[in-house]
Amino acid sequence: MIVVHHLNNSRSQRVLWLLEELGLAYEVKRYQRDRKTMLAPPELRAVHPLGKSPVIEDDGQVLAESGAIVEYLAERYSEGRLVPQAGTPERLRYRYWMHFAEGTAQPPLLLKLLFDRVETGPMPFFVRPIARAIAQRARNTYIQPNIDRNLDFMEAELARRDWFAGPEFSAADIQMSFPLEAAVVRGGLDARRPRLMAFLERIHARPAYRRAIDKGGTYALLR
Ligand SMILES: N[C@@H](CCC(=O)N[C@@H](CS)C(=O)NCC(=O)O)C(=O)O
């Protein structure tokens, strides 16, 4: 039986969603973020040395890294669904977006989260103006311009095809869901990019997506 080590309100929601799309049996082991730090509990380090989620166990193997997990599960269990045929332009785009999600889309969104916290976290009052100035500079010069460029690029790509890899929904769309959902919460993604918003509406309407939310418990992304 596949075991998913699932952290609340996290990237591992995508793994649950994929498993629901595939109709596979699986067990969810839940972990709760620390309320103050929002970090994963130390028990996750007993599963994988980095102590992050998602991690899965399957067939005696432990596998971390959401993109690797999504690719592995889709290739092993999808029987041709959710993965474009090898050797096609769709398959190349599938690979591209599978990596883009964590490699390009996610880093500036994570920086946004961290710098927002630098500004608002506890500190001596005389340090706050300096912290605020540093955070604003980082946001204005690097973080938000990169988020915006990424969003514009994704919006333009969805003008060319319905889903990220091609005309069919694929596991790459599942992998891309997290940075887009995070961008709504903290990256400025809104109705000004209608194709990305329509993409989110379509995925949220999928029954497997809804079932995965029920399995995972809450899914409220960090601001
Ligand atoms: N690139 C990794 C990132 C893993 C990661 O940072 N997971 C977050 C959940 S969204 C986590 O475990 N955070 C808690 C912590 O860092 O303690 C992946 O895609 O799996």
# chains A, B, ... in the order shown; residues from 1 in each chain; ligands from 1
$ select_by_dssp --residues "stretch 33-199 of chain A" --states "strand (DSSP E)" --output "MDAnalysis selection string"
chainID A and resid 55:58 61:64
$ residues_near_ligand --ligand "ligand 1" --cutoff "8 Å" --atoms "only C-alpha atoms and all ligand atoms" --output "VMD selection string"
chain A and resid 7 9 to 12 33 38 to 41 51 to 55 64 to 67 102 to 103
$ residues_around --residues "stretch 179-189 of chain A" --least-positions-apart "5" --cutoff "7 Å" --atoms "only C-alpha atoms" --output "PDB file with C-alpha atoms, in the first residue's frame"
ATOM      1  CA  ALA A 101       6.730  24.339 -10.849  1.00  0.00           C
ATOM      2  CA  ALA A 105       7.707  29.280 -10.138  1.00  0.00           C
ATOM      3  CA  GLN A 106       8.113  28.394  -6.493  1.00  0.00           C
ATOM      4  CA  LEU A 109       6.936  32.817  -4.021  1.00  0.00           C
ATOM      5  CA  ILE A 147       6.657  36.452  -9.838  1.00  0.00           C
ATOM      6  CA  LEU A 221      -1.892  28.040   1.933  1.00  0.00           C
ATOM      7  CA  ARG A 223       0.482  33.917   3.407  1.00  0.00           C
TER       8      ARG A 223
END
$ residues_around --residues "A:Pro194" --least-positions-apart "6" --cutoff "10 Å" --atoms "only C-alpha atoms" --output "PDB file with C-alpha atoms, in the first residue's frame"
ATOM      1  CA  GLU A 155      -0.844  33.109 -18.770  1.00  0.00           C
ATOM      2  CA  LEU A 158      -2.462  28.878 -21.499  1.00  0.00           C
ATOM      3  CA  ALA A 159      -3.584  31.103 -24.370  1.00  0.00           C
ATOM      4  CA  LEU A 200      -7.671  27.112 -11.132  1.00  0.00           C
TER       5      LEU A 200
END
$ residues_around --residues "A:Ser170" --least-positions-apart "2" --cutoff "7 Å" --atoms "only C-alpha atoms" --output "list of chain:residue names"
A:Leu82, A:Val83, A:Ala165, A:Glu168, A:Ala172, A:Asp173
$ residues_around --residues "stretch 210-219 of chain A" --least-positions-apart "6" --cutoff "10 Å" --atoms "only C-alpha atoms" --output "PyMOL selection string"
chain A and resi 6-21+27-30+203-204
$ write_last_selection --atoms "N, CA and C atoms" --output "JSON list (two decimals), in the first residue's frame"
[["chain", "number", "residue", "atom", "x", "y", "z"],
["A", 6, "HIS", "N", 1.97, 13.27, 4.84],
["A", 6, "HIS", "CA", 1.28, 14.49, 4.42],
["A", 6, "HIS", "C", 1.33, 15.55, 5.51],
["A", 7, "LEU", "N", 1.89, 16.71, 5.16],
["A", 7, "LEU", "CA", 1.91, 17.86, 6.08],
["A", 7, "LEU", "C", 0.69, 18.72, 5.76],
["A", 8, "ASN", "N", 0.02, 19.20, 6.80],
["A", 8, "ASN", "CA", -1.18, 20.03, 6.54],
["A", 8, "ASN", "C", -0.82, 21.29, 5.74],
["A", 9, "ASN", "N", -1.73, 21.73, 4.93],
["A", 9, "ASN", "CA", -1.58, 22.97, 4.13],
["A", 9, "ASN", "C", -0.26, 23.01, 3.39],
["A", 10, "SER", "N", -0.01, 22.01, 2.58],
["A", 10, "SER", "CA", 1.32, 21.95, 1.95],
["A", 10, "SER", "C", 1.27, 21.35, 0.55],
["A", 11, "ARG", "N", 2.46, 21.33, -0.03],
["A", 11, "ARG", "CA", 2.66, 20.74, -1.36],
["A", 11, "ARG", "C", 2.19, 19.29, -1.47],
["A", 12, "SER", "N", 2.14, 18.57, -0.38],
["A", 12, "SER", "CA", 1.78, 17.16, -0.49],
["A", 12, "SER", "C", 0.31, 16.98, -0.85],
["A", 13, "GLN", "N", -0.47, 18.08, -0.79],
["A", 13, "GLN", "CA", -1.86, 17.99, -1.26],
["A", 13, "GLN", "C", -1.92, 17.49, -2.70],
["A", 14, "ARG", "N", -0.91, 17.88, -3.49],
["A", 14, "ARG", "CA", -0.89, 17.46, -4.91],
["A", 14, "ARG", "C", -0.78, 15.95, -5.05],
["A", 15, "VAL", "N", -0.04, 15.33, -4.14],
["A", 15, "VAL", "CA", 0.15, 13.87, -4.23],
["A", 15, "VAL", "C", -1.18, 13.17, -3.94],
["A", 16, "LEU", "N", -1.90, 13.68, -2.93],
["A", 16, "LEU", "CA", -3.21, 13.09, -2.63],
["A", 16, "LEU", "C", -4.14, 13.24, -3.84],
["A", 17, "TRP", "N", -4.08, 14.41, -4.46],
["A", 17, "TRP", "CA", -4.94, 14.67, -5.63],
["A", 17, "TRP", "C", -4.60, 13.69, -6.76],
["A", 18, "LEU", "N", -3.32, 13.52, -7.03],
["A", 18, "LEU", "CA", -2.92, 12.59, -8.09],
["A", 18, "LEU", "C", -3.42, 11.17, -7.78],
["A", 19, "LEU", "N", -3.25, 10.75, -6.53],
["A", 19, "LEU", "CA", -3.68, 9.39, -6.16],
["A", 19, "LEU", "C", -5.19, 9.24, -6.34],
["A", 20, "GLU", "N", -5.92, 10.31, -6.05],
["A", 20, "GLU", "CA", -7.38, 10.27, -6.27],
["A", 20, "GLU", "C", -7.69, 10.21, -7.76],
["A", 21, "GLU", "N", -6.97, 10.97, -8.56],
["A", 21, "GLU", "CA", -7.20, 10.92, -10.02],
["A", 21, "GLU", "C", -6.94, 9.50, -10.54],
["A", 27, "GLU", "N", -2.55, 5.15, 2.03],
["A", 27, "GLU", "CA", -2.72, 5.52, 3.43],
["A", 27, "GLU", "C", -2.09, 6.90, 3.64],
["A", 28, "VAL", "N", -2.78, 7.75, 4.40],
["A", 28, "VAL", "CA", -2.23, 9.09, 4.68],
["A", 28, "VAL", "C", -1.73, 9.13, 6.12],
["A", 29, "LYS", "N", -0.44, 9.45, 6.29],
["A", 29, "LYS", "CA", 0.07, 9.71, 7.65],
["A", 29, "LYS", "C", 0.18, 11.22, 7.77],
["A", 30, "ARG", "N", -0.55, 11.78, 8.73],
["A", 30, "ARG", "CA", -0.63, 13.24, 8.82],
["A", 30, "ARG", "C", 0.38, 13.82, 9.80],
["A", 203, "ILE", "N", -9.54, 23.13, -12.22],
["A", 203, "ILE", "CA", -8.99, 22.05, -11.40],
["A", 203, "ILE", "C", -9.77, 21.91, -10.09],
["A", 204, "HIS", "N", -10.23, 23.04, -9.56],
["A", 204, "HIS", "CA", -10.95, 22.96, -8.29],
["A", 204, "HIS", "C", -12.30, 22.25, -8.45]]
$ closest_residue --among "A:Gly23, A:Phe178, A:Met197, A:Phe100" --to "A:Ser78" --atoms "only C-alpha atoms"
A:Gly23
$ closest_residue --among "A:Pro49, A:Gly60, A:Pro42, A:Pro129" --to "A:Val3" --atoms "only C-alpha atoms"
A:Gly60
$ closest_residue --among "A:Trp97, A:Ala171, A:Thr120, A:Gln61" --to "A:Pro84" --atoms "only C-alpha atoms"
A:Ala171
$ closest_residue --among "A:Asp34, A:Glu43, A:Asp116, A:Glu79" --to "A:Ala138" --atoms "only C-alpha atoms"
A:Asp116
$ closest_residue --among "A:Met98, A:Leu151, A:Leu73, A:Ile174" --to "A:Arg192" --atoms "only C-alpha atoms"
A:Leu151
$ residues_around --residues "A:Met1" --least-positions-apart "6" --cutoff "9 Å" --atoms "only C-alpha atoms" --output "list in words"
Ala25, Tyr26, Glu27, Glu57, Asp58 and Asp59 of chain A
$ atom_distance --atom1 "atom CA of A:Tyr96" --atom2 "atom CA of A:Val62"
24.3 Å
$ select_by_dssp --residues "chain A" --states "alpha helix (DSSP H)" --output "PyMOL selection string"
chain A and resi 13-22+43-47+66-77+89-100+106-120+128-138+144-160+171-186+194-204+207-216
$ closest_residue --among "A:Arg35, A:Arg93, A:Arg81, A:Arg139" --to "A:Leu113" --atoms "only C-alpha atoms"
A:Arg139
$ decode --residues "stretch 160-175 of chain A" --atoms "all heavy atoms" --output "compact mmCIF listing (two decimals), in the first residue's frame"
# COMPACT_ATOMS: atom_id res chain seq x y z
N ARG A 160 -2.33 29.37 -25.52
CA ARG A 160 -1.99 28.52 -26.67
C ARG A 160 -2.58 27.12 -26.55
O ARG A 160 -2.68 26.40 -27.54
CB ARG A 160 -0.47 28.43 -26.79
CG ARG A 160 0.17 29.82 -26.89
CD ARG A 160 1.65 29.75 -26.86
NE ARG A 160 2.15 29.17 -28.09
CZ ARG A 160 3.42 28.89 -28.32
NH1 ARG A 160 4.33 29.13 -27.39
NH2 ARG A 160 3.79 28.38 -29.46
N ARG A 161 -2.90 26.69 -25.35
CA ARG A 161 -3.47 25.35 -25.15
C ARG A 161 -4.23 25.33 -23.83
O ARG A 161 -3.96 26.15 -22.95
CB ARG A 161 -2.37 24.29 -25.18
CG ARG A 161 -1.24 24.53 -24.23
CD ARG A 161 -0.05 23.62 -24.50
NE ARG A 161 0.68 24.04 -25.68
CZ ARG A 161 1.64 25.00 -25.65
NH1 ARG A 161 1.95 25.59 -24.51
NH2 ARG A 161 2.26 25.34 -26.74
N ASP A 162 -5.16 24.39 -23.71
CA ASP A 162 -6.03 24.37 -22.53
C ASP A 162 -5.29 24.02 -21.25
O ASP A 162 -5.58 24.54 -20.18
CB ASP A 162 -7.15 23.33 -22.72
CG ASP A 162 -8.23 23.88 -23.63
OD1 ASP A 162 -8.20 25.09 -23.93
OD2 ASP A 162 -9.10 23.09 -24.04
N TRP A 163 -4.36 23.07 -21.38
CA TRP A 163 -3.63 22.59 -20.19
C TRP A 163 -2.15 22.82 -20.42
O TRP A 163 -1.72 23.07 -21.55
CB TRP A 163 -3.93 21.12 -19.93
CG TRP A 163 -5.39 20.86 -19.68
CD1 TRP A 163 -6.30 20.40 -20.57
CD2 TRP A 163 -6.12 21.10 -18.46
NE1 TRP A 163 -7.55 20.31 -19.99
CE2 TRP A 163 -7.47 20.74 -18.68
CE3 TRP A 163 -5.77 21.57 -17.19
CZ2 TRP A 163 -8.45 20.85 -17.70
CZ3 TRP A 163 -6.75 21.66 -16.21
CH2 TRP A 163 -8.07 21.30 -16.46
N PHE A 164 -1.35 22.71 -19.38
CA PHE A 164 0.06 23.08 -19.54
C PHE A 164 0.79 22.23 -20.58
O PHE A 164 1.57 22.76 -21.37
CB PHE A 164 0.79 23.09 -18.19
CG PHE A 164 0.51 24.34 -17.42
CD1 PHE A 164 -0.44 24.37 -16.41
CD2 PHE A 164 1.15 25.53 -17.76
CE1 PHE A 164 -0.73 25.55 -15.73
CE2 PHE A 164 0.87 26.72 -17.09
CZ PHE A 164 -0.06 26.73 -16.08
N ALA A 165 0.53 20.94 -20.61
CA ALA A 165 1.27 20.11 -21.57
C ALA A 165 0.62 20.08 -22.95
O ALA A 165 1.30 19.86 -23.95
CB ALA A 165 1.40 18.68 -21.04
N GLY A 166 -0.67 20.27 -23.01
CA GLY A 166 -1.36 20.16 -24.31
C GLY A 166 -2.86 20.22 -24.15
O GLY A 166 -3.37 20.79 -23.18
N PRO A 167 -3.61 19.58 -25.07
CA PRO A 167 -5.07 19.67 -25.00
C PRO A 167 -5.69 18.82 -23.88
O PRO A 167 -6.85 19.02 -23.53
CB PRO A 167 -5.53 19.14 -26.37
CG PRO A 167 -4.39 18.33 -26.89
CD PRO A 167 -3.14 18.88 -26.28
N GLU A 168 -4.90 17.87 -23.35
CA GLU A 168 -5.43 16.98 -22.30
C GLU A 168 -4.87 17.37 -20.94
O GLU A 168 -3.68 17.70 -20.83
CB GLU A 168 -5.02 15.52 -22.56
CG GLU A 168 -5.36 14.97 -23.94
CD GLU A 168 -6.84 14.71 -24.09
OE1 GLU A 168 -7.51 14.53 -23.05
OE2 GLU A 168 -7.31 14.71 -25.24
N PHE A 169 -5.69 17.22 -19.93
CA PHE A 169 -5.24 17.36 -18.54
C PHE A 169 -4.15 16.32 -18.27
O PHE A 169 -4.27 15.18 -18.70
CB PHE A 169 -6.44 17.13 -17.61
CG PHE A 169 -6.11 17.10 -16.16
CD1 PHE A 169 -5.86 18.28 -15.47
CD2 PHE A 169 -6.06 15.89 -15.46
CE1 PHE A 169 -5.56 18.26 -14.11
CE2 PHE A 169 -5.77 15.87 -14.11
CZ PHE A 169 -5.51 17.05 -13.43
N SER A 170 -3.08 16.72 -17.57
CA SER A 170 -2.00 15.77 -17.28
C SER A 170 -1.48 15.97 -15.86
O SER A 170 -1.86 16.95 -15.18
CB SER A 170 -0.84 15.94 -18.27
OG SER A 170 -0.05 17.06 -17.90
N ALA A 171 -0.60 15.07 -15.45
CA ALA A 171 -0.02 15.19 -14.11
C ALA A 171 0.80 16.48 -13.97
O ALA A 171 1.01 16.96 -12.85
CB ALA A 171 0.84 13.97 -13.80
N ALA A 172 1.25 17.06 -15.07
CA ALA A 172 1.97 18.34 -14.99
C ALA A 172 1.04 19.44 -14.47
O ALA A 172 1.48 20.37 -13.79
CB ALA A 172 2.55 18.73 -16.35
N ASP A 173 -0.25 19.35 -14.80
CA ASP A 173 -1.21 20.34 -14.28
C ASP A 173 -1.35 20.20 -12.76
O ASP A 173 -1.52 21.20 -12.06
CB ASP A 173 -2.57 20.17 -14.96
CG ASP A 173 -2.47 20.42 -16.46
OD1 ASP A 173 -2.05 21.53 -16.83
OD2 ASP A 173 -2.78 19.51 -17.24
N ILE A 174 -1.27 18.98 -12.30
CA ILE A 174 -1.34 18.76 -10.85
C ILE A 174 -0.12 19.41 -10.19
O ILE A 174 -0.24 20.13 -9.20
CB ILE A 174 -1.43 17.24 -10.54
CG1 ILE A 174 -2.74 16.68 -11.10
CG2 ILE A 174 -1.29 16.99 -9.03
CD1 ILE A 174 -2.95 15.19 -10.92
N GLN A 175 1.04 19.18 -10.78
CA GLN A 175 2.27 19.74 -10.21
C GLN A 175 2.24 21.28 -10.26
O GLN A 175 2.72 21.95 -9.36
CB GLN A 175 3.48 19.17 -10.96
CG GLN A 175 4.83 19.62 -10.46
CD GLN A 175 5.19 19.11 -9.06
OE1 GLN A 175 4.41 18.41 -8.41
NE2 GLN A 175 6.34 19.50 -8.58
